[in-house]
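For reference, the structure is listed below as structure tokens.
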Amino acid sequence: MNNKFDVIVVGAGNGGLMAAATTAKEGLKTLLLEKHNLPGGCATSFRRGRFEFEPSLHELCSVGTKENPSQIYKLFDDLGVKINWEYEDKVFRTIVKGDDGYDVTLKAGIENFIKSIDDAVPGSEKSVREFLGLNKKIRAALDYLASVKGVPNVFKILTQHSDFLRVASHSVEEVMDSLSMPKKAQNIINTYWGYLGVPTDELNAMHFLSMIHSYIVEGAAMPHHRSHELSVALVDIFEKFGGQIKYNSEVTKFLYTEDGRVIGVVANGEEFFADEVISNVIPDNVFNMSDETKIPKRQMKLANAREFGISVATIYVGLDCTAEELGIEDYTIFIQNNADPRTQYNTRKTEGFYIVNCLNNTIPDSSPDGTCTLFFTLPIFGSDLPEDLTPQGYKKYKNDLAEKFIKDCEEVLNISIIPHIEEISVATPVTFARYLGTPEGTIYGYKNSGWDNVVLRTTFEALDYKIPGLSFCGGHYTNGDGYSSAYTVGSIVAKRVVERLKGGNA
Ligand SMILES: Cc1cc2nc3c(=O)[nH]c(=O)nc-3n(C[C@H](O)[C@H](O)[C@H](O)COP(=O)(O)OP(=O)(O)OC[C@H]3O[C@@H](n4cnc5c(N)ncnc54)[C@H](O)[C@@H]3O)c2cc1C
């Protein structure tokens, strides 16, 4: 049968591409179905005039270098994929407006990072060092949890990973307070909440620590040719391994046996069958494309109980002057109205918090000579859009958003952007909902918070995902959002599939 495969992967986003390349590398006959005419999902690029914009990636964490590779470098290397990685020596610049505000630049590498905070908040070094040091203990516990098939051994966790338990159920700010970290130092570090979409009085401390570590110790990087380079490289290697990718192939139905095993999917009216299906598509959508009676009660309840993660509004600007002429020296600048992350979160719709990236400061030739680009990111939820927004009013909504934040940025950085704008494009959660197909335009799957945090997701994975023949991968899965998480779970899930199909001979 031409339409029978060992593995079908639905969706060619980061998780799906990594999963498909991994199963194909192991010799499994793999079909990758993607609804768009190009791969990548969030990891892509688009053109306006003479500019090619990066639509999503600010920084990819856990990359490392050739000499000192981290998880992501190794994943690509193991597949034989070469990426032109570019590095930044600063983590970010964070500006809080107002009389008691600050303007602090944090450097990459753990010692530089601690020193930049201590320079801004003298006397904070000890507590910051202690806080960051917790990560090592947590990593050991998470490695143990990830290695367990089934339910973990509680006695082992209690005796060998007690620090993990002390931190596991607490928020970032609770842990920082317990270490007597000065509030200003907390606020500076907690600028990072924007990368996870959950404020730090709510965000799980372990998840946050692990993320900081992956940026400042394991090393963040950018592909030279934007995230599109990553996606194209993965498709190339997938095809070299014999994999087949079908674009313009939106999956509309998941096929089950009588006793609830997934055996295939339907795309463009055609049925495709496989021993295993891996979905890069969020469970809510998969269940909507399934016979409801086949979904185990626990899994359906879980999907219904979860909150969707944050989305973003983004403004992409192409300017007819260089970054130097514009007066921007940094790659990543966070601009905030207030130092407190909860206040930033609560006022996110109006003025609370946004990120400005100037890619030319990391990759000078990322736009034509004599030009530069800016990329504004505002973390908002799909449900934040005005309730009375009409199709006619949508253009005005986008224009107002762009004008407000560009003007604010001009004022804060004391630069002139508007007279130099040659191209501009604005995206909102509506754009991401349409492009990715995610509910409410979530770019992070589910909100990583409360009972649905990364620790509990990992712990209960085996109980929460029980449909035979169907695995999930992507930002919505156990490890949470972001490029590195999506690639990592794509690889892990695919290796499990390989093991099941090849009987441990992988
Ligand atoms: C503006 C923005 C900024 C971001 N910044 C960063 C950052 O700096 N660092 C970072 O690590 N992360 C960042 N992220 C988040 C990151 O991009 C995502 O978490 C990650 O890429 C999600 O990957 P995924 O595997 O879940 O796939 P997705 O990107 O969600 O892709 C899913 C794929 O499935 C396809 N698909 C959907 N439905 C179907 C169907 N029915 N049939 C076939 N195909 C289907 C889609 O077309 C898409 O190709 C950002 C995201 C955005 C939008």
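We label chains A, B, ... in the order they appear in the structure tokens, count residues from 1 in each chain, and number ligands from 1 in the order shown.
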
Closest contacts (chain A/ligand 1, max 6 Å, only C-alpha atoms and all ligand atoms) as a tab-separated table:
residue	atom	partner	partner_atom_place_in_ligand_line	distance
A:Val10	CA	ligand 1	43 (C)	5.2
A:Gly11	CA	ligand 1	34 (O)	3.3
A:Ala12	CA	ligand 1	49 (O)	4.5
A:Gly13	CA	ligand 1	31 (O)	3.4
A:Asn14	CA	ligand 1	25 (O)	3.9
A:Gly15	CA	ligand 1	25 (O)	3.5
A:Gly16	CA	ligand 1	25 (O)	5.7
A:Leu33	CA	ligand 1	43 (C)	5.4
A:Glu34	CA	ligand 1	44 (N)	3.9
A:Lys35	CA	ligand 1	43 (C)	4.1
A:His36	CA	ligand 1	47 (O)	5.4
A:Pro39	CA	ligand 1	49 (O)	5.8
A:Gly40	CA	ligand 1	49 (O)	5.1
A:Gly41	CA	ligand 1	49 (O)	3.2
A:Cys42	CA	ligand 1	29 (O)	3.9
A:Ala43	CA	ligand 1	21 (O)	5.8
A:Pro55	CA	ligand 1	1 (C)	5.8
A:Ser56	CA	ligand 1	3 (C)	3.5
A:Leu57	CA	ligand 1	8 (O)	3.9
A:His58	CA	ligand 1	8 (O)	3.4
A:Glu59	CA	ligand 1	8 (O)	4.4
A:Leu60	CA	ligand 1	11 (O)	5.0
A:Ser249	CA	ligand 1	43 (C)	5.9
A:Glu250	CA	ligand 1	42 (N)	3.6
A:Val251	CA	ligand 1	42 (N)	3.9
A:Thr252	CA	ligand 1	41 (N)	5.7
A:Asn280	CA	ligand 1	34 (O)	5.6
A:Val281	CA	ligand 1	37 (C)	5.3
A:Val312	CA	ligand 1	1 (C)	6.0
A:Leu436	CA	ligand 1	46 (C)	4.6
A:Gly437	CA	ligand 1	37 (C)	5.1
A:Ile443	CA	ligand 1	53 (C)	5.3
A:Tyr444	CA	ligand 1	19 (O)	4.8
A:Gly474	CA	ligand 1	26 (O)	3.4
A:Gly475	CA	ligand 1	26 (O)	3.8
A:His476	CA	ligand 1	26 (O)	5.9
A:Asp481	CA	ligand 1	19 (O)	4.2
A:Gly482	CA	ligand 1	11 (O)	3.4
A:Tyr483	CA	ligand 1	11 (O)	3.8
A:Ser484	CA	ligand 1	11 (O)	5.7
A:Ala486	CA	ligand 1	25 (O)	4.8

Store the residues of this selection in a file with C-alpha atoms, as a short mmCIF file (atom, residue, chain, number, x, y, z; two decimals), in the first residue's frame.
data_model
loop_
_atom_site.label_atom_id
_atom_site.label_comp_id
_atom_site.auth_asym_id
_atom_site.auth_seq_id
_atom_site.Cartn_x
_atom_site.Cartn_y
_atom_site.Cartn_z
CA VAL A 10 1.24 15.68 11.68
CA GLY A 11 2.60 19.24 11.48
CA ALA A 12 6.07 20.40 10.40
CA GLY A 13 6.71 22.82 13.29
CA ASN A 14 9.86 22.50 15.37
CA GLY A 15 8.62 19.46 17.30
CA GLY A 16 7.25 17.71 14.22
CA LEU A 33 1.99 16.15 6.69
CA GLU A 34 1.99 19.95 6.84
CA LYS A 35 -0.98 22.20 6.14
CA HIS A 36 1.12 25.08 4.76
CA PRO A 39 7.82 24.03 6.88
CA GLY A 40 8.56 25.43 10.33
CA GLY A 41 5.33 26.69 11.89
CA CYS A 42 6.67 29.53 14.05
CA ALA A 43 10.19 28.84 12.72
CA PRO A 55 8.83 36.25 12.67
CA SER A 56 9.42 34.60 16.04
CA LEU A 57 12.86 33.71 17.32
CA HIS A 58 14.50 36.13 19.73
CA GLU A 59 17.01 33.63 20.97
CA LEU A 60 17.29 29.87 20.93
CA SER A 249 -1.91 18.72 3.45
CA GLU A 250 -4.05 19.72 6.38
CA VAL A 251 -5.03 16.74 8.50
CA THR A 252 -8.76 16.89 9.17
CA ASN A 280 2.77 18.27 16.49
CA VAL A 281 -0.79 19.59 16.67
CA VAL A 312 1.79 37.80 21.22
CA LEU A 436 -0.52 27.93 13.32
CA GLY A 437 -4.11 26.80 13.75
CA ILE A 443 2.23 30.13 20.64
CA TYR A 444 3.07 28.29 23.85
CA GLY A 474 5.69 20.47 20.46
CA GLY A 475 5.40 23.54 22.65
CA HIS A 476 2.13 22.17 24.07
CA ASP A 481 6.99 26.27 25.19
CA GLY A 482 9.84 27.48 23.07
CA TYR A 483 12.10 26.23 20.32
CA SER A 484 14.43 24.18 22.50
CA ALA A 486 9.80 21.63 21.09
#

Spatial neighbours of segment 63-65 of chain A, 10 Å, only C-alpha atoms, chain gap at least 3 places, as a list in words: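 In the requested form, the answer reads Glu59, Leu60, Asn68, Pro69, Ser70, Gln71, Ile72, Tyr73, Lys74, Leu75, Phe76, Trp85, Glu86, Tyr87, Ser214, Tyr215, Ile216, Val217, Glu218, Gly219, Ala220, Ala221, Met222 and Ser484 of chain A.
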
Nearest to Val317 of chain A by atom-to-atom distance, counting only C-alpha atoms, from A:Asp408, A:Glu423, A:Asp284, A:Asp89: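 Selected residue with least distance to Val317 of chain A: A:Glu423.
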
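Shortest atom-to-atom contact with Asp275 of chain A among A:Gly480, A:Gly503, A:Pro468, A:Gly490: A:Pro468, counting only C-alpha atoms.
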
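Near Gly150 of chain A, within 10 Å and counting only C-alpha atoms, sit Leu145, Thr459, Phe460, Glu461, Ala462 and Leu463 of chain A, not including residues fewer than 5 positions from it in the same chain.
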
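In the backbone-derived DSSP annotation, strand (DSSP E) within segment 393-425 of chain A comprises Ile421, Glu422, Glu423, Ile424 and Ser425 of chain A.
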
Hey, can you spit out that residue selection with C-alpha atoms as a short mmCIF file (atom, residue, chain, number, x, y, z; two decimals), in the first residue's frame?
data_model
loop_
_atom_site.label_atom_id
_atom_site.label_comp_id
_atom_site.auth_asym_id
_atom_site.auth_seq_id
_atom_site.Cartn_x
_atom_site.Cartn_y
_atom_site.Cartn_z
CA ILE A 421 10.07 53.28 8.27
CA GLU A 422 10.20 51.69 4.83
CA GLU A 423 8.21 48.52 5.58
CA ILE A 424 5.97 47.58 8.48
CA SER A 425 3.89 44.54 9.30
#

Polymer residues at most 7 Å from Gly264 of chain A, only C-alpha atoms, same-chain spacing of 5 or more positions, as a count of residues only: 6

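Nearest to Arg496 of chain A of all the residues A:Ser178, A:Ser147, A:Asn153, A:Thr347 is A:Ser147, based on only C-alpha atoms.
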
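The two atoms in question, atom CA of Pro379 of chain A and atom CA of Ala305 of chain A, are spaced 22.5 Å apart.
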
List every residue of segment 58-177 of chain A that has an atom at most 10 Å from any atom of segment 319-338 of chain A, giving for each one its closest atom pair and the distance in Å to one decimal, counting only C-alpha atoms, sorted by chain and then by ascending residue number, as a tab-separated table.
residue	atom	partner	partner_atom	distance
A:His58	CA	A:Thr332	CA	7.8
A:Glu59	CA	A:Thr332	CA	9.2
A:Glu88	CA	A:Tyr331	CA	7.9
A:Asp89	CA	A:Tyr331	CA	9.9
A:Lys90	CA	A:Asp330	CA	8.1
A:Val91	CA	A:Thr332	CA	7.6
A:Phe92	CA	A:Thr332	CA	5.1
A:Arg93	CA	A:Ile333	CA	4.7
A:Thr94	CA	A:Phe334	CA	4.7
A:Ile95	CA	A:Ile335	CA	5.0
A:Val96	CA	A:Gln336	CA	4.8
A:Lys97	CA	A:Asn337	CA	5.2
A:Gly98	CA	A:Asn337	CA	7.3
A:Asp100	CA	A:Asn338	CA	9.0
A:Gly101	CA	A:Asn338	CA	7.4
A:Tyr102	CA	A:Gln336	CA	9.9
A:Asp103	CA	A:Ile335	CA	9.3
A:Val104	CA	A:Ile333	CA	9.8
A:Thr105	CA	A:Ile333	CA	8.7

Serialized selection, N, CA and C atoms, as a PDB file, in the first residue's frame:
ATOM      1  N   HIS A  58      13.635  35.116  19.134  1.00  0.00           N
ATOM      2  CA  HIS A  58      14.499  36.132  19.731  1.00  0.00           C
ATOM      3  C   HIS A  58      15.855  35.494  19.980  1.00  0.00           C
ATOM      4  N   GLU A  59      15.787  34.378  20.683  1.00  0.00           N
ATOM      5  CA  GLU A  59      17.008  33.630  20.969  1.00  0.00           C
ATOM      6  C   GLU A  59      16.650  32.181  21.198  1.00  0.00           C
ATOM      7  N   GLU A  88      25.518  36.088  20.993  1.00  0.00           N
ATOM      8  CA  GLU A  88      25.409  37.416  21.596  1.00  0.00           C
ATOM      9  C   GLU A  88      26.100  37.378  22.952  1.00  0.00           C
ATOM     10  N   ASP A  89      26.892  38.403  23.282  1.00  0.00           N
ATOM     11  CA  ASP A  89      27.545  38.347  24.593  1.00  0.00           C
ATOM     12  C   ASP A  89      26.702  39.006  25.691  1.00  0.00           C
ATOM     13  N   LYS A  90      25.597  39.638  25.273  1.00  0.00           N
ATOM     14  CA  LYS A  90      24.699  40.201  26.289  1.00  0.00           C
ATOM     15  C   LYS A  90      23.428  39.363  26.335  1.00  0.00           C
ATOM     16  N   VAL A  91      22.889  39.179  27.540  1.00  0.00           N
ATOM     17  CA  VAL A  91      21.642  38.421  27.645  1.00  0.00           C
ATOM     18  C   VAL A  91      20.474  39.328  27.260  1.00  0.00           C
ATOM     19  N   PHE A  92      20.369  40.455  27.918  1.00  0.00           N
ATOM     20  CA  PHE A  92      19.386  41.461  27.525  1.00  0.00           C
ATOM     21  C   PHE A  92      19.652  42.765  28.255  1.00  0.00           C
ATOM     22  N   ARG A  93      19.027  43.836  27.741  1.00  0.00           N
ATOM     23  CA  ARG A  93      19.006  45.116  28.452  1.00  0.00           C
ATOM     24  C   ARG A  93      17.582  45.301  28.956  1.00  0.00           C
ATOM     25  N   THR A  94      17.434  45.663  30.223  1.00  0.00           N
ATOM     26  CA  THR A  94      16.085  45.830  30.752  1.00  0.00           C
ATOM     27  C   THR A  94      15.905  47.258  31.268  1.00  0.00           C
ATOM     28  N   ILE A  95      14.882  47.908  30.758  1.00  0.00           N
ATOM     29  CA  ILE A  95      14.633  49.305  31.124  1.00  0.00           C
ATOM     30  C   ILE A  95      13.283  49.395  31.821  1.00  0.00           C
ATOM     31  N   VAL A  96      13.283  49.966  33.021  1.00  0.00           N
ATOM     32  CA  VAL A  96      12.015  50.264  33.695  1.00  0.00           C
ATOM     33  C   VAL A  96      11.887  51.779  33.732  1.00  0.00           C
ATOM     34  N   LYS A  97      10.746  52.265  33.235  1.00  0.00           N
ATOM     35  CA  LYS A  97      10.539  53.720  33.178  1.00  0.00           C
ATOM     36  C   LYS A  97      10.250  54.290  34.565  1.00  0.00           C
ATOM     37  N   GLY A  98      10.327  55.581  34.675  1.00  0.00           N
ATOM     38  CA  GLY A  98       9.906  56.243  35.920  1.00  0.00           C
ATOM     39  C   GLY A  98      11.071  56.588  36.831  1.00  0.00           C
ATOM     40  N   ASP A 100      11.855  55.695  39.905  1.00  0.00           N
ATOM     41  CA  ASP A 100      12.579  54.614  40.569  1.00  0.00           C
ATOM     42  C   ASP A 100      12.888  53.477  39.583  1.00  0.00           C
ATOM     43  N   GLY A 101      12.932  53.824  38.307  1.00  0.00           N
ATOM     44  CA  GLY A 101      13.226  52.816  37.282  1.00  0.00           C
ATOM     45  C   GLY A 101      14.714  52.516  37.194  1.00  0.00           C
ATOM     46  N   TYR A 102      15.070  51.700  36.218  1.00  0.00           N
ATOM     47  CA  TYR A 102      16.493  51.373  36.017  1.00  0.00           C
ATOM     48  C   TYR A 102      16.737  51.017  34.554  1.00  0.00           C
ATOM     49  N   ASP A 103      18.005  50.970  34.210  1.00  0.00           N
ATOM     50  CA  ASP A 103      18.430  50.593  32.865  1.00  0.00           C
ATOM     51  C   ASP A 103      19.653  49.711  33.062  1.00  0.00           C
ATOM     52  N   VAL A 104      19.458  48.401  32.972  1.00  0.00           N
ATOM     53  CA  VAL A 104      20.522  47.458  33.324  1.00  0.00           C
ATOM     54  C   VAL A 104      20.741  46.491  32.162  1.00  0.00           C
ATOM     55  N   THR A 105      22.006  46.221  31.857  1.00  0.00           N
ATOM     56  CA  THR A 105      22.308  45.232  30.817  1.00  0.00           C
ATOM     57  C   THR A 105      22.947  44.010  31.467  1.00  0.00           C
TER      58      THR A 105
END

Distance criterion (only C-alpha atoms): nearest to Asp177 of chain A out of A:His213, A:Ala205, A:Asn288, A:Tyr247: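 Of the candidates, the smallest distance to Asp177 of chain A is held by A:Ala205.
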
Among the residues A:Tyr316, A:Ala185, A:Thr458, A:Ile467, the one that comes closest to Pro152 of chain A [using only C-alpha atoms]: A:Thr458

May I have the residues within 12 Å of segment 390-396 of chain A as a compact mmCIF listing (two decimals) with C-alpha atoms, in the first residue's frame, using only C-alpha atoms and disregarding those fewer than 3 positions away in the same chain?
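Contents of the output file out.txt:
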# COMPACT_ATOMS: atom_id res chain seq x y z
CA LEU A 385 -8.26 41.29 22.08
CA PRO A 386 -11.11 43.81 22.44
CA GLU A 387 -14.46 42.02 22.57
CA ASN A 399 -2.19 50.48 13.33
CA ASP A 400 -2.95 51.96 16.76
CA LEU A 401 -0.94 49.23 18.46
CA ALA A 402 2.07 49.84 16.19
CA GLU A 403 1.91 53.61 16.60
CA LYS A 404 1.61 53.45 20.38
CA SER A 425 3.89 44.54 9.30
CA VAL A 426 1.82 43.84 12.40
CA ALA A 427 0.70 40.44 13.70
CA THR A 428 -1.69 39.68 16.55
CA PRO A 429 -3.01 36.52 18.21
CA VAL A 430 -5.47 36.40 15.28
CA THR A 431 -2.52 36.03 12.88

DSSP helix (DSSP H, G or I) residues within segment 82-166 of chain A, as a PyMOL selection string: chain A and resi 110-120+125-147+154-160+162-166

For C-alpha atoms, I'd like the residues from the last selection saved as a PDB file, in the first residue's frame.
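The resulting file, selection.pdb, is reproduced below:
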ATOM      1  CA  ILE A 110      27.027  32.776  34.844  1.00  0.00           C
ATOM      2  CA  GLU A 111      29.781  34.914  36.432  1.00  0.00           C
ATOM      3  CA  ASN A 112      29.127  37.863  34.109  1.00  0.00           C
ATOM      4  CA  PHE A 113      25.398  37.542  34.751  1.00  0.00           C
ATOM      5  CA  ILE A 114      25.842  37.586  38.551  1.00  0.00           C
ATOM      6  CA  LYS A 115      28.302  40.474  38.319  1.00  0.00           C
ATOM      7  CA  SER A 116      25.994  42.601  36.172  1.00  0.00           C
ATOM      8  CA  ILE A 117      23.218  42.190  38.756  1.00  0.00           C
ATOM      9  CA  ASP A 118      25.538  42.913  41.671  1.00  0.00           C
ATOM     10  CA  ASP A 119      26.780  46.061  39.893  1.00  0.00           C
ATOM     11  CA  ALA A 120      23.182  47.253  39.642  1.00  0.00           C
ATOM     12  CA  GLU A 125      25.611  38.534  44.726  1.00  0.00           C
ATOM     13  CA  LYS A 126      25.201  35.881  47.454  1.00  0.00           C
ATOM     14  CA  SER A 127      21.457  35.431  47.037  1.00  0.00           C
ATOM     15  CA  VAL A 128      21.647  35.483  43.241  1.00  0.00           C
ATOM     16  CA  ARG A 129      24.421  32.885  43.290  1.00  0.00           C
ATOM     17  CA  GLU A 130      22.447  30.675  45.685  1.00  0.00           C
ATOM     18  CA  PHE A 131      19.336  30.987  43.572  1.00  0.00           C
ATOM     19  CA  LEU A 132      21.116  30.040  40.353  1.00  0.00           C
ATOM     20  CA  GLY A 133      22.934  27.210  42.167  1.00  0.00           C
ATOM     21  CA  LEU A 134      19.615  25.492  42.856  1.00  0.00           C
ATOM     22  CA  ASN A 135      19.388  24.659  39.205  1.00  0.00           C
ATOM     23  CA  LYS A 136      22.018  21.911  39.318  1.00  0.00           C
ATOM     24  CA  LYS A 137      20.085  19.984  41.963  1.00  0.00           C
ATOM     25  CA  ILE A 138      16.864  20.439  40.085  1.00  0.00           C
ATOM     26  CA  ARG A 139      18.389  19.230  36.836  1.00  0.00           C
ATOM     27  CA  ALA A 140      19.465  15.991  38.518  1.00  0.00           C
ATOM     28  CA  ALA A 141      15.899  15.447  39.730  1.00  0.00           C
ATOM     29  CA  LEU A 142      14.396  16.270  36.327  1.00  0.00           C
ATOM     30  CA  ASP A 143      16.849  13.919  34.600  1.00  0.00           C
ATOM     31  CA  TYR A 144      15.685  11.194  36.955  1.00  0.00           C
ATOM     32  CA  LEU A 145      12.007  11.958  36.237  1.00  0.00           C
ATOM     33  CA  ALA A 146      12.600  11.978  32.496  1.00  0.00           C
ATOM     34  CA  SER A 147      14.353   8.597  32.672  1.00  0.00           C
ATOM     35  CA  VAL A 154       8.560   8.643  45.538  1.00  0.00           C
ATOM     36  CA  PHE A 155      11.056   7.299  48.116  1.00  0.00           C
ATOM     37  CA  LYS A 156      13.946   7.994  45.754  1.00  0.00           C
ATOM     38  CA  ILE A 157      12.725  11.539  45.176  1.00  0.00           C
ATOM     39  CA  LEU A 158      12.367  12.132  48.931  1.00  0.00           C
ATOM     40  CA  THR A 159      15.839  10.860  49.790  1.00  0.00           C
ATOM     41  CA  GLN A 160      17.955  11.842  46.782  1.00  0.00           C
ATOM     42  CA  SER A 162      15.036  16.757  48.583  1.00  0.00           C
ATOM     43  CA  ASP A 163      16.037  20.244  47.318  1.00  0.00           C
ATOM     44  CA  PHE A 164      13.928  19.545  44.290  1.00  0.00           C
ATOM     45  CA  LEU A 165      10.919  18.987  46.562  1.00  0.00           C
ATOM     46  CA  ARG A 166      11.674  22.170  48.526  1.00  0.00           C
TER      47      ARG A 166
END

Pick from A:Asn304, A:Ser124, A:Asn479, A:Ser366, whichever lies nearest to Lys184 of chain A using only C-alpha atoms: A:Ser124
